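**Q** work_33.txt is the file, holding compact mmCIF, C-alpha atoms:
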# COMPACT_ATOMS: atom_id res chain seq x y z
CA MET A 1282 120.25 39.41 74.16
CA LYS A 1283 116.69 40.48 74.97
CA THR A 1284 117.45 40.08 78.66
CA LYS A 1285 120.43 42.46 78.39
CA ARG A 1286 118.32 45.09 76.59
CA LEU A 1287 115.57 44.84 79.22
CA LEU A 1288 118.13 45.24 82.00
CA GLY A 1289 119.56 48.31 80.28
CA LEU A 1290 116.14 49.95 80.03
CA LEU A 1291 115.48 49.28 83.70
CA LEU A 1292 118.80 50.91 84.63
CA LEU A 1293 117.80 54.00 82.65
CA ILE A 1294 114.34 54.23 84.22
CA LEU A 1295 115.43 53.73 87.84
CA PRO A 1296 117.42 57.00 88.18
CA ILE A 1297 114.52 59.00 86.67
CA THR A 1298 112.02 57.38 89.03
CA GLY A 1299 114.28 58.08 91.95
CA PHE A 1300 114.55 61.77 90.93
CA VAL A 1301 110.78 62.18 90.76
CA ALA A 1302 110.37 60.58 94.18
CA CYS A 1303 112.88 63.03 95.67
CA SER A 1304 111.18 66.06 94.10
CA ASP A 1305 107.95 65.14 95.91
CA ASP A 1306 109.77 65.65 99.20
CA GLU A 1307 110.91 69.21 98.38
CA PRO A 1308 109.24 72.09 100.30
CA GLN A 1309 106.14 73.48 98.59
CA ASP A 1310 104.47 76.88 98.75
CA LYS A 1311 101.81 77.05 101.46
CA VAL A 1312 98.43 77.98 99.97
CA GLU A 1313 95.39 78.85 102.08
CA THR A 1314 92.15 80.82 101.83
CA VAL A 1315 91.83 83.71 104.30
CA LYS A 1316 89.36 86.49 105.00
CA MET A 1317 90.91 89.93 104.62
CA PHE A 1318 89.69 93.40 105.57
CA ILE A 1319 90.73 96.52 103.63
CA SER A 1320 90.48 99.89 105.39
CA ASP A 1321 88.93 102.94 103.76
CA LYS A 1322 91.99 104.84 104.98
CA THR A 1323 95.38 104.59 103.29
CA GLY A 1324 98.91 104.49 104.66
CA THR A 1325 102.44 104.90 103.37
CA TYR A 1326 105.41 102.60 103.02
CA GLN A 1327 108.94 102.90 101.69
CA PRO A 1328 109.63 100.57 98.74
CA TRP A 1329 112.79 98.52 98.70
CA GLY A 1330 115.63 100.60 97.30
CA SER A 1331 113.70 103.88 97.45
CA ASP A 1332 114.18 106.93 99.65
CA SER A 1333 110.61 108.23 99.27
CA PRO A 1334 107.46 106.79 100.90
CA ILE A 1335 104.42 106.13 98.71
CA ASP A 1336 100.72 105.67 99.43
CA CYS A 1337 99.35 102.18 99.93
CA MET A 1338 96.42 100.17 101.32
CA LEU A 1339 95.91 99.23 104.97
CA VAL A 1340 94.90 95.58 105.30
CA LYS A 1341 94.54 92.88 107.93
CA GLU A 1342 93.65 89.23 107.91
CA GLU A 1343 90.76 88.04 110.05
CA SER A 1344 93.16 86.62 112.65
CA GLU A 1345 95.08 89.91 112.97
CA SER A 1346 94.22 92.84 115.25
CA ASP A 1347 96.23 95.60 113.56
CA TYR A 1348 96.28 96.85 110.00
CA LYS A 1349 99.48 96.55 107.97
CA THR A 1350 100.59 98.26 104.77
CA LEU A 1351 100.20 96.65 101.35
CA ASP A 1352 100.82 98.04 97.88
CA PHE A 1353 97.73 99.01 95.86
CA GLN A 1354 98.67 96.17 93.47
CA GLY A 1355 99.36 93.78 96.35
CA ILE A 1356 96.25 91.63 95.74
CA THR A 1357 96.11 90.17 92.23
CA ASP A 1358 92.80 90.87 90.41
CA PHE A 1359 91.68 93.38 93.08
CA VAL A 1360 91.22 97.10 92.31
CA TYR A 1361 91.15 99.34 95.37
CA GLU A 1362 88.92 102.42 95.41
CA LYS A 1363 89.65 105.09 98.01
CA GLY A 1364 86.86 105.92 100.43
CA TYR A 1365 85.56 102.35 100.60
CA GLU A 1366 86.23 99.52 103.03
CA TYR A 1367 86.17 95.90 101.91
CA ALA A 1368 85.91 92.36 103.17
CA LEU A 1369 87.51 89.82 100.80
CA TRP A 1370 88.20 86.16 100.40
CA VAL A 1371 91.76 85.87 99.14
CA GLU A 1372 94.22 83.15 98.32
CA LYS A 1373 97.29 83.57 100.52
CA ARG A 1374 100.42 81.96 99.15
CA THR A 1375 103.51 81.77 101.34
CA LEU A 1376 106.48 81.33 99.02
CA VAL A 1377 109.22 78.84 99.77
CA ASN A 1378 111.64 80.82 97.60
CA PRO A 1379 110.57 84.49 97.69
CA PRO A 1380 112.31 87.03 95.44
CA ALA A 1381 115.20 88.90 97.02
CA ASP A 1382 113.43 92.26 96.68
CA GLY A 1383 109.88 91.06 97.31
CA SER A 1384 107.54 89.68 99.95
CA SER A 1385 107.36 86.03 100.95
CA ILE A 1386 103.54 86.29 100.87
CA VAL A 1387 101.40 86.99 97.80
CA TYR A 1388 97.64 87.44 97.66
CA LYS A 1389 95.08 86.78 94.93
CA LEU A 1390 91.42 87.79 95.04
CA ILE A 1391 88.88 84.99 95.23
CA ASP A 1392 85.71 86.98 95.97
CA VAL A 1393 84.54 90.39 97.27
CA ILE A 1394 82.37 89.73 100.34
CA SER A 1395 81.38 93.37 100.85
CA LYS A 1396 82.22 96.91 99.73
CA ALA A 1397 80.94 99.90 101.73
CA LYS A 1398 81.25 103.64 101.14
CA VAL A 1399 82.69 105.28 104.27
CA GLU A 1400 82.23 108.90 105.37
CA TYR A 1401 83.24 110.77 108.53
CA GLU A 1402 81.89 113.70 110.51
CA TYR A 1403 84.82 115.19 112.42
CA THR A 1404 84.68 117.32 115.56
CA ILE A 1405 87.67 119.27 116.88
CA LYS A 1406 87.17 120.50 120.45
CA VAL A 1407 89.73 123.00 121.77
CA ASP A 1408 90.40 123.71 125.44
CA GLY A 1409 90.91 127.44 124.97
CA PRO A 1410 89.55 130.59 123.31
CA ASN A 1411 89.56 131.28 119.59
CA PRO A 1412 91.42 133.48 118.85
CA PHE A 1413 94.01 132.68 121.49
CA ILE A 1414 95.74 135.85 122.78
CA LEU A 1415 99.44 135.65 123.61
CA SER A 1416 101.34 138.00 125.85
CA PRO A 1417 102.99 140.98 124.10
CA GLU A 1418 106.24 139.61 125.51
CA GLY A 1419 105.92 136.42 123.44
CA GLY A 1420 106.65 133.05 124.99
CA GLU A 1421 105.52 129.45 124.45
CA TYR A 1422 101.97 128.20 124.99
CA GLU A 1423 100.12 124.90 124.77
CA ILE A 1424 96.43 124.56 123.90
CA PRO A 1425 95.01 121.03 124.33
CA PHE A 1426 92.40 119.77 121.88
CA THR A 1427 90.71 116.52 120.88
CA CYS A 1428 89.64 114.98 117.61
CA LYS A 1429 86.46 112.88 117.44
CA ALA A 1430 84.55 111.47 114.49
CA LYS A 1431 81.37 109.68 113.58
CA LYS A 1432 81.97 106.97 111.01
CA PHE A 1433 79.21 106.10 108.55
CA ALA A 1434 79.24 103.03 106.27
CA GLU A 1435 76.67 103.26 103.47
CA GLY A 1436 74.91 105.96 105.49
CA SER A 1437 74.66 103.97 108.74
CA LEU A 1438 76.53 105.05 111.88
CA VAL A 1439 79.03 102.33 112.78
CA GLU A 1440 81.52 104.12 115.08
CA ASP A 1441 81.58 107.25 117.24
CA GLY A 1442 84.58 108.23 119.33
CA TYR A 1443 88.08 109.62 119.49
CA ILE A 1444 90.10 109.27 116.33
CA SER A 1445 93.60 110.04 115.11
CA LEU A 1446 94.31 113.09 112.95
CA LYS A 1447 96.11 110.73 110.57
CA GLY A 1448 95.02 111.41 107.00
CA LEU A 1449 93.51 114.82 107.74
CA ARG A 1450 95.14 117.85 106.14
CA TYR A 1451 96.55 120.97 107.78
CA ASN A 1452 97.45 124.49 106.78
CA MET A 1453 99.49 126.72 109.12
CA GLY A 1454 100.48 130.28 108.39
CA THR A 1455 101.84 133.48 109.89
CA ASN A 1456 103.08 136.76 108.46
CA TYR A 1457 105.45 137.73 111.24
CA GLY A 1458 107.45 134.71 112.35
CA GLY A 1459 105.57 133.00 115.18
CA LEU A 1460 105.94 129.21 115.41
CA THR A 1461 103.10 126.66 115.50
CA ARG A 1462 103.22 122.89 115.97
CA ILE A 1463 100.67 120.16 116.63
CA VAL A 1464 101.85 117.26 118.80
CA LYS A 1465 100.20 114.29 120.52
CA ASP A 1466 99.09 114.96 124.07
CA GLY A 1467 99.91 111.68 125.78
CA GLU A 1468 99.37 108.23 124.31
CA LYS A 1469 95.58 108.21 124.05
CA VAL A 1470 94.13 108.26 120.55
CA GLY A 1471 92.63 111.60 119.51
CA PHE A 1472 94.33 113.82 122.11
CA TYR A 1473 96.60 116.60 120.82
CA LYS A 1474 97.77 120.11 121.56
CA PHE A 1475 98.75 123.21 119.66
CA VAL A 1476 102.23 124.33 120.70
CA ILE A 1477 102.70 127.97 119.79
CA GLU A 1478 105.62 130.31 120.36
CA GLY A 1479 105.31 134.05 120.05
CA ILE A 1480 108.33 136.18 119.25
CA PRO A 1481 109.56 138.87 121.70
CA ARG A 1482 108.17 142.39 121.69
CA PHE A 1483 107.61 143.77 118.20
CA ASN A 1484 105.89 146.47 116.20
CA MET A 1485 104.47 145.98 112.70
CA LYS A 1486 102.84 148.32 110.24
CA ALA A 1487 100.67 145.45 108.93
CA ALA A 1488 98.13 143.56 111.02
CA PRO A 1489 99.61 140.22 112.16
CA VAL A 1490 97.96 137.05 110.84
CA TRP A 1491 98.54 133.70 112.55
CA TYR A 1492 96.39 130.57 112.20
CA CYS A 1493 96.21 126.78 111.95
CA GLY A 1494 93.46 125.07 109.96
CA ILE A 1495 92.48 121.37 109.96
CA TYR A 1496 90.71 119.97 106.88
CA THR A 1497 89.25 116.76 105.45
CA PRO A 1498 91.60 114.35 103.62
CA ASP A 1499 90.35 115.43 100.18
CA ALA A 1500 90.74 119.18 100.81
CA ASP A 1501 92.65 120.98 98.04
CA LEU A 1502 94.85 123.47 99.89
CA LEU A 1503 97.03 124.45 96.93
CA PHE A 1504 94.61 125.61 94.24
CA GLY A 1505 91.38 127.53 94.18
CA PRO A 1506 89.54 129.11 97.12
CA GLU A 1507 90.21 127.85 100.64
CA PRO A 1508 87.99 124.85 101.44
CA GLU A 1509 85.79 124.84 104.52
CA PRO A 1510 87.90 123.70 107.49
CA ILE A 1511 86.85 121.22 110.12
CA TYR A 1512 88.39 123.68 112.57
CA LYS A 1513 90.53 126.81 112.32
CA GLN A 1514 92.42 128.15 115.33
CA LEU A 1515 93.51 131.79 115.29
CA PHE A 1516 96.32 133.26 117.37
CA GLU A 1517 97.02 136.89 118.19
CA GLN A 1518 99.94 138.59 119.87
CA PRO A 1519 99.37 142.28 120.68
CA GLN A 1520 101.88 144.62 119.13
CA THR A 1521 104.07 146.76 121.36
CA GLU A 1522 104.57 150.46 120.89
CA GLY A 1523 107.70 152.05 119.51
CA GLU A 1524 109.94 151.73 116.48
CA ASP A 1525 112.57 150.08 118.68
CA TYR A 1526 110.61 146.82 118.31
CA TYR A 1527 109.84 147.06 114.59
CA MET A 1528 110.44 143.97 112.47
CA ASN A 1529 109.79 143.21 108.83
CA SER A 1530 106.90 140.93 107.94
CA VAL A 1531 107.90 137.28 107.50
CA ILE A 1532 105.48 135.12 105.50
CA PHE A 1533 105.52 131.46 106.47
CA MET A 1534 103.10 128.74 105.39
CA SER A 1535 103.10 124.98 105.87
CA THR A 1536 100.64 122.60 104.21
CA GLY A 1537 100.52 118.83 104.51
CA THR A 1538 98.81 115.69 105.78
CA PHE A 1539 98.94 114.44 109.37
CA ALA A 1540 100.99 111.26 109.72
CA GLU A 1541 99.51 110.18 113.08
Rewrite the structure of this file - the entire thing - as structure tokens.

**A**
Amino acid sequence: MKTKRLLGLLLLILPITGFVACSDDEPQDKVETVKMFISDKTGTYQPWGSDSPIDCMLVKEESESDYKTLDFQGITDFVYEKGYEYALWVEKRTLVNPPADGSSIVYKLIDVISKAKVEYEYTIKVDGPNPFILSPEGGEYEIPFTCKAKKFAEGSLVEDGYISLKGLRYNMGTNYGGLTRIVKDGEKVGFYKFVIEGIPRFNMKAAPVWYCGIYTPDADLLFGPEPEPIYKQLFEQPQTEGEDYYMNSVIFMSTGTFAE
């Protein structure tokens, strides 16, 4: 009788033991410690299921050459402060079963290696006069310019060279309908051009105003007095004589942040 009971207990235990042994063979999350760099600049990304981009961090692991976007809450226990760059030790967990609407990689802060306040001194150099005078007949013009910056970390110069306009702010305006754009001039970083288009012959009772200003990322262009620009390009198109060319004033203004 005792032998039968012992055999029964063994039969019950064997399936459980077998189940545990199988579970050890299942794929596991990959966990590793990596060094990560956080840029002082921010980027944008479009969340899953959303039509609007939002601001985010720019990060890269030590083995990566390019920065990638990551939500401000993308590193557990880490609080990002704009205007600073960081070096971190983080736990990188690659999930075997990631959520359907989430990333397969999650990060958790281990330690802050360094945190440095970053400041820039920008220089815009334009290949043309200021103000730029258009023909009375209108037409399209291109004015090349470059953007350079000195980068300081905790007051020490760490970089000096051409830099993208990305993150800088702009304010363009005219009171009579001329068009202004800023586009990249080739593929080299920091090379751009103003593309301006003057309307055909015209006559106005008011003095025409036409400009494009470039400002620091923290410039408030909506409220209060106009902040000091890094550079402000003025355009002028001489008026032509005669009421035959009269047109009403058209006020146009565009304010925003450069995306590249």

**Q** For each of A:Leu1502, A:Met1528, A:Val1399, A:Ile1463, take the minimum atom-to-atom distance to Glu1423 (chain A), counting all atoms listed in the file, then give the residue where this is smallest.

**A**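 Checking each of A:Leu1502, A:Met1528, A:Val1399, A:Ile1463 against Glu1423 (chain A), counting all atoms listed in the file, the winner is A:Ile1463.
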
**Q** Could you name the residues that touch Gly1409 (chain A) at 12 Å or less, counting only C-alpha atoms, but leaving out those on the same chain fewer than 6 positions away, as a count of residues only?

**A** 12

**Q** Choose the residue, out of A:Trp1491, A:Tyr1527, A:Tyr1473, A:Tyr1451, that has the smallest atom-to-atom separation from Glu1507 (chain A); count only C-alpha atoms.

**A**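 Once distances to Glu1507 (chain A) are computed over only C-alpha atoms, the minimum belongs to A:Tyr1451.
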
**Q** Can you work out the spacing between CA of Trp1329 (chain A) and CA of Gly1355 (chain A) in Å, to one decimal?

**A**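 Those two atoms sit 14.4 Å apart.
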
**Q** Between A:Ser1344, A:Gln1520, A:Thr1497, A:Gln1309, which one has atoms that come closest to Ile1414 (chain A), using all atoms listed in the file?

**A**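 Closest candidate: A:Gln1520.
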
**Q** Skip Tyr1457 (chain A) itself and residues of its chain fewer than 2 positions away, then list as a PyMOL selection string all residues within 10 Å of it, counting all atoms listed in the file.

**A** chain A and resi 1454-1455+1459-1460+1479-1480+1483+1485+1487-1491+1528-1533

**Q** Report the distance between CA of Ile1477 (chain A) and CA of Ser1445 (chain A) in Å, rounded to one decimal place.

**A**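 A separation of 20.6 Å between them.
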
**Q** Figure out the distance between CA of Asn1378 (chain A) and CA of Val1340 (chain A), please, to one decimal in Å.

**A**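 CA of Val1340 (chain A) sits 23.6 Å away from CA of Asn1378 (chain A).
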
**Q** Which region 1300-1369 of chain A residues have any atom within 12 Å of an atom of region 1401-1408 of chain A, and for each, what is the nearest pair of atoms with distance in Å to one decimal, counting only C-alpha atoms, rows sorted by chain and number, as CSV?

**A**
residue,atom,partner,partner_atom,distance
A:Asp1321,CA,A:Tyr1401,CA,10.8
A:Lys1322,CA,A:Tyr1401,CA,11.2
A:Gly1364,CA,A:Tyr1401,CA,10.1
A:Tyr1365,CA,A:Tyr1401,CA,11.8

**Q** Go ahead and dump the residues you just picked, C-alpha atoms, as a PDB file, keeping the file's coordinate frame.

**A**
ATOM      1  CA  ASP A1321      88.930 102.940 103.760  1.00  0.00           C
ATOM      2  CA  LYS A1322      91.990 104.840 104.980  1.00  0.00           C
ATOM      3  CA  GLY A1364      86.860 105.920 100.430  1.00  0.00           C
ATOM      4  CA  TYR A1365      85.560 102.350 100.600  1.00  0.00           C
TER       5      TYR A1365
END

**Q** May I have the residues within 12 Å of Thr1536 (chain A) as a PDB file with C-alpha atoms, in the frame of the given file, using all atoms listed in the file and disregarding those fewer than 3 positions away in the same chain?

**A**
ATOM      1  CA  LEU A1449      93.510 114.820 107.740  1.00  0.00           C
ATOM      2  CA  ARG A1450      95.140 117.850 106.140  1.00  0.00           C
ATOM      3  CA  TYR A1451      96.550 120.970 107.780  1.00  0.00           C
ATOM      4  CA  ASN A1452      97.450 124.490 106.780  1.00  0.00           C
ATOM      5  CA  MET A1453      99.490 126.720 109.120  1.00  0.00           C
ATOM      6  CA  GLY A1454     100.480 130.280 108.390  1.00  0.00           C
ATOM      7  CA  CYS A1493      96.210 126.780 111.950  1.00  0.00           C
ATOM      8  CA  GLY A1494      93.460 125.070 109.960  1.00  0.00           C
ATOM      9  CA  ILE A1495      92.480 121.370 109.960  1.00  0.00           C
ATOM     10  CA  TYR A1496      90.710 119.970 106.880  1.00  0.00           C
ATOM     11  CA  ALA A1500      90.740 119.180 100.810  1.00  0.00           C
ATOM     12  CA  ASP A1501      92.650 120.980  98.040  1.00  0.00           C
ATOM     13  CA  LEU A1502      94.850 123.470  99.890  1.00  0.00           C
ATOM     14  CA  LEU A1503      97.030 124.450  96.930  1.00  0.00           C
ATOM     15  CA  PHE A1533     105.520 131.460 106.470  1.00  0.00           C
ATOM     16  CA  PHE A1539      98.940 114.440 109.370  1.00  0.00           C
TER      17      PHE A1539
END

**Q** Please put the answer as AutoDock Vina command-line options: centre and edge lengths, in Å with one decimal, of a box along x, y and z that encloses all listed atoms of region 1403-1420 of chain A plus 3 Å on each side.

**A**
--center_x 95.7 --center_y 128.1 --center_z 119.1 --size_x 28.0 --size_y 31.8 --size_z 19.4

**Q** Pick from A:Glu1418, A:Glu1372, A:Glu1343, A:Asp1382: nearest to Ile1356 (chain A), with all atoms listed in the file counted?

**A**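 Of A:Glu1418, A:Glu1372, A:Glu1343, A:Asp1382, the one nearest Ile1356 (chain A) is A:Glu1372, counting all atoms listed in the file.
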
**Q** So, counting all atoms listed in the file, which residue among A:Ala1368, A:Leu1376, A:Met1338, A:Ile1511 is closest to Asp1392 (chain A)?

**A**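 For Asp1392 (chain A), the nearest of the candidates is A:Ala1368.
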
**Q** Please complete region 1479-1490 of chain A so it has all heavy atoms, and hand it over as a tab-separated table (two decimals), in the frame of the given file.

**A**
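That gives us rebuild-v6.tsv:
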chain	number	residue	atom	x	y	z
A	1479	GLY	N	105.30	132.68	120.53
A	1479	GLY	CA	105.31	134.05	120.05
A	1479	GLY	C	106.69	134.67	120.17
A	1479	GLY	O	107.43	134.38	121.11
A	1480	ILE	N	107.02	135.52	119.23
A	1480	ILE	CA	108.33	136.18	119.25
A	1480	ILE	C	108.33	137.26	120.32
A	1480	ILE	O	107.28	137.66	120.83
A	1480	ILE	CB	108.64	136.79	117.87
A	1480	ILE	CG1	107.56	137.83	117.52
A	1480	ILE	CG2	108.70	135.70	116.82
A	1480	ILE	CD1	107.85	138.56	116.24
A	1481	PRO	N	109.51	137.77	120.71
A	1481	PRO	CA	109.56	138.87	121.70
A	1481	PRO	C	108.88	140.12	121.18
A	1481	PRO	O	108.41	140.17	120.05
A	1481	PRO	CB	111.06	139.07	121.91
A	1481	PRO	CG	111.69	137.79	121.48
A	1481	PRO	CD	110.83	137.28	120.36
A	1482	ARG	N	108.87	141.15	122.00
A	1482	ARG	CA	108.17	142.39	121.69
A	1482	ARG	C	108.47	142.86	120.26
A	1482	ARG	O	109.59	142.76	119.77
A	1482	ARG	CB	108.60	143.46	122.69
A	1482	ARG	CG	108.17	143.15	124.11
A	1482	ARG	CD	109.02	143.86	125.13
A	1482	ARG	NE	108.95	145.32	125.00
A	1482	ARG	CZ	108.10	146.10	125.68
A	1482	ARG	NH1	107.24	145.55	126.53
A	1482	ARG	NH2	108.11	147.40	125.55
A	1483	PHE	N	107.45	143.37	119.60
A	1483	PHE	CA	107.61	143.77	118.20
A	1483	PHE	C	106.60	144.86	117.86
A	1483	PHE	O	105.65	145.13	118.60
A	1483	PHE	CB	107.41	142.57	117.27
A	1483	PHE	CG	105.98	142.12	117.20
A	1483	PHE	CD1	105.19	142.45	116.11
A	1483	PHE	CD2	105.41	141.36	118.21
A	1483	PHE	CE1	103.87	142.05	116.04
A	1483	PHE	CE2	104.09	140.95	118.14
A	1483	PHE	CZ	103.31	141.30	117.06
A	1484	ASN	N	106.82	145.48	116.72
A	1484	ASN	CA	105.89	146.47	116.20
A	1484	ASN	C	105.85	146.31	114.69
A	1484	ASN	O	106.88	146.30	114.02
A	1484	ASN	CB	106.37	147.88	116.57
A	1484	ASN	CG	105.45	148.94	115.99
A	1484	ASN	OD1	105.62	149.33	114.84
A	1484	ASN	ND2	104.49	149.38	116.77
A	1485	MET	N	104.64	146.17	114.14
A	1485	MET	CA	104.47	145.98	112.70
A	1485	MET	C	103.51	147.02	112.15
A	1485	MET	O	102.57	147.43	112.82
A	1485	MET	CB	103.92	144.58	112.40
A	1485	MET	CG	104.90	143.46	112.61
A	1485	MET	SD	104.14	141.85	112.25
A	1485	MET	CE	103.74	142.04	110.52
A	1486	LYS	N	103.75	147.41	110.91
A	1486	LYS	CA	102.84	148.32	110.24
A	1486	LYS	C	101.61	147.56	109.74
A	1486	LYS	O	100.52	148.11	109.66
A	1486	LYS	CB	103.54	149.02	109.09
A	1486	LYS	CG	104.66	149.96	109.53
A	1486	LYS	CD	105.34	150.62	108.33
A	1486	LYS	CE	106.44	151.57	108.79
A	1486	LYS	NZ	107.12	152.20	107.63
A	1487	ALA	N	101.79	146.27	109.40
A	1487	ALA	CA	100.67	145.45	108.93
A	1487	ALA	C	100.08	144.67	110.09
A	1487	ALA	O	100.75	144.38	111.08
A	1487	ALA	CB	101.14	144.49	107.84
A	1488	ALA	N	98.78	144.35	109.97
A	1488	ALA	CA	98.13	143.56	111.02
A	1488	ALA	C	98.67	142.13	111.00
A	1488	ALA	O	98.72	141.50	109.94
A	1488	ALA	CB	96.63	143.56	110.80
A	1489	PRO	N	99.08	141.59	112.14
A	1489	PRO	CA	99.61	140.22	112.16
A	1489	PRO	C	98.52	139.18	111.89
A	1489	PRO	O	97.38	139.33	112.34
A	1489	PRO	CB	100.18	140.08	113.57
A	1489	PRO	CG	99.45	141.09	114.38
A	1489	PRO	CD	99.14	142.23	113.46
A	1490	VAL	N	98.87	138.15	111.15
A	1490	VAL	CA	97.96	137.05	110.84
A	1490	VAL	C	98.64	135.75	111.27
A	1490	VAL	O	99.79	135.50	110.90
A	1490	VAL	CB	97.61	136.99	109.34
A	1490	VAL	CG1	96.73	135.78	109.04
A	1490	VAL	CG2	96.93	138.28	108.91
